[in-house]
Amino acid sequence: MSTTSPAAGQSPIAEAGPASLCAREPQVPADRLVAEMVPPPRFDSVRFDTYIPDPGQPSQTEAVRVLSTFAGGLGGAHASGSGKRRWFSRAKQPAPSGPRGVYLDGGYGVGKTHLLASLWHATPAEPALKAFGTFVELTNLVGALGFQQTVRTLSGHRLLCIDEFELDDPGDTVLVSSLLGKLVEAGVALAATSNTLPGKLGEGRFAAADFLREIQGLSAHFKALRIDGDDYRHRGLPEAPKPYSDEQVTKAAYATEGASLDDFPHLLGHLARVHPSRYGALTDGLTAVCLTDVTPVPDQSTALRLVVLADRLYDREVPVLASGVPFDRLFSEEMLNGGYRKKYFRAISRLTALARDAKGLVRD
């Protein structure tokens with residue numbers, strides 16, 4: 001592909017030209033991983049009263065009611081000031097009555113992350129005493145800090161929210177289950193979301209029963225909330241725009257201040273050299289990601305890295321403009337029918353939303 005400047009007479013170009021993700025190799029200290037465990041920018045301003053339930057789905061209204069009540073009950077989870085009082089003390093005081101966690105079970109785009117972020121915002125505690133992250137970010141935190149230090153770091157928190165809880169890797173599931181057990185003992189309230197495959201109800205879906213079974217002894221601490229509905233990202237919206245030409249993508253990258261421009265196959269190779277915990281930092285400062293020559297991903301390892309990048313771009317609301325194959329053809333049928341299919345459907349949904357956001361970058 002060509003990354004030269006557009007010819008004279010065309011749209012104005014960004015003065016320094018587009019950045020390249022492939023030229024970035026960010027180093028992220030562990031303390032930044034902890035400090036960034038807050039709702040992503042896309043969900044900075046969401047609240048329970050900004051969630052618009054579908055009138056045809058009463059479970060959505062009920063979820064708002066239950067979560068609002070749950071948040072209101074977290075005000076005394078720790079003693080004021082120290083942030084260290086524990087529900088289960090060394091004197092073996094009785095455990096608190098009622099669930100200490102909520103689990104939101106539902107399909108793609110029904111607003112689970114909106115509700116989870118609203119719970120975080122509504123919980124009466126300083127931001128430093130609340131943590132919000134994806135399952136992958138939580139496992140990355142354990143990898144960076146070590147298990148015991150992660151327990152110590154999060155034990156003083158009032159609430160831990162885990163978005164996109166995953167059961168793909170038995171080792172990670174046991175790790176996180178063990179971590180949650182320690183945090184429950186420390187009096188930390190828990191909340192988690194996961195996904196149901198579109199059109200796959202009852203077949204290979206990650207549902208409440210699976211979640212409660214896999215977290216083993218913690219199941220008694222969770223109240224499961226089923227949230228029904230259609231993917232709001234596609235509700236009443238036009239289909240995702242078709243891919244553009246390499247020339248259109250390159251021209252848009254040069255005309256958009258803060259955009260990046262990369263050849264997709266080269267970017268996939270670069271992702272293999274950057275730890276997924278750094279993918280957020282990889283996108284720092286970008287206003288758009290422009291990709292040429294998008295092709296189906298060649299293998300599962302590459303596909304899983306792309307899923308993490310898609311999540312970070314979606315969290316940060318970074319539009320994605322691309323040429324090549326449409327995003328719903330990124331993953332093979334074998335991948336979409338395999339054990340990681342939940343992740344791939346999520347990535348397709350999110351990249352499609354970001355492709356819509358990028359439509360205005362192309363000038364005729």
# chains A, B, ... in the order shown; residues from 1 in each chain; ligands from 1
$ residues_around --residues "segment 343-350 of chain A" --least-positions-apart "3" --cutoff "8 Å" --atoms "only C-alpha atoms" --output "VMD selection string"
chain A and resid 108 197 233 303 to 304 307 310 to 311 314 327 to 328 330 to 331 335 to 336 340 353 to 354
$ closest_residue --among "A:Leu154, A:Ala281, A:Val297, A:Val64" --to "Glu25 of chain A" --atoms "only C-alpha atoms"
A:Ala281
$ atom_distance --atom1 "atom CA of Gly101 of chain A" --atom2 "atom CA of Leu180 of chain A"
10.3 Å
$ closest_residue --among "A:Pro243, A:Gly181, A:Gly17, A:Gly146" --to "Ser323 of chain A" --atoms "only C-alpha atoms"
A:Pro243
$ atom_distance --atom1 "atom CA of Leu159 of chain A" --atom2 "atom CA of Arg65 of chain A"
18.2 Å
$ closest_atom_pairs --of "segment 155-192 of chain A" --to "segment 116-131 of chain A" --cutoff "10 Å" --atoms "only C-alpha atoms" --output "JSON lines"
{"residue": "A:Ser155", "atom": "CA", "partner": "A:Leu129", "partner_atom": "CA", "distance": 9.3}
{"residue": "A:Gly156", "atom": "CA", "partner": "A:Leu129", "partner_atom": "CA", "distance": 6.7}
{"residue": "A:His157", "atom": "CA", "partner": "A:Leu129", "partner_atom": "CA", "distance": 4.2}
{"residue": "A:Arg158", "atom": "CA", "partner": "A:Leu129", "partner_atom": "CA", "distance": 5.6}
{"residue": "A:Leu159", "atom": "CA", "partner": "A:Lys130", "partner_atom": "CA", "distance": 4.9}
{"residue": "A:Leu160", "atom": "CA", "partner": "A:Ala131", "partner_atom": "CA", "distance": 4.8}
{"residue": "A:Cys161", "atom": "CA", "partner": "A:Ala131", "partner_atom": "CA", "distance": 6.1}
{"residue": "A:Ile162", "atom": "CA", "partner": "A:Leu116", "partner_atom": "CA", "distance": 8.4}
{"residue": "A:Asp163", "atom": "CA", "partner": "A:Leu116", "partner_atom": "CA", "distance": 7.6}
{"residue": "A:Val188", "atom": "CA", "partner": "A:Lys130", "partner_atom": "CA", "distance": 9.3}
{"residue": "A:Ala189", "atom": "CA", "partner": "A:Lys130", "partner_atom": "CA", "distance": 9.5}
{"residue": "A:Leu190", "atom": "CA", "partner": "A:Ala131", "partner_atom": "CA", "distance": 9.8}
{"residue": "A:Ala191", "atom": "CA", "partner": "A:Leu116", "partner_atom": "CA", "distance": 7.3}
{"residue": "A:Ala192", "atom": "CA", "partner": "A:Leu116", "partner_atom": "CA", "distance": 7.6}
$ residues_around --residues "Val308 of chain A" --least-positions-apart "5" --cutoff "12 Å" --atoms "only C-alpha atoms" --output "PyMOL selection string"
chain A and resi 134-137+140+164+268+271-272+274-280+282-283+301-303+313-315+343-344+346-348+350-351
$ closest_residue --among "A:Leu309, A:Ser260, A:Lys182, A:Thr153" --to "Ala35 of chain A" --atoms "only C-alpha atoms"
A:Thr153
$ closest_residue --among "A:Ala63, A:Cys22, A:Val151, A:Leu115" --to "Leu261 of chain A" --atoms "only C-alpha atoms"
A:Cys22
$ closest_residue --among "A:Gln60, A:Thr69, A:Thr256, A:Thr295" --to "Gly360 of chain A" --atoms "only C-alpha atoms"
A:Thr256
$ atom_distance --atom1 "atom CA of Gly111 of chain A" --atom2 "atom CA of Gly187 of chain A"
27.2 Å
$ select_by_dssp --residues "segment 233-306 of chain A" --states "strand (DSSP E or B)" --output "number ranges by chain"
A: 244, 259-263, 288-294
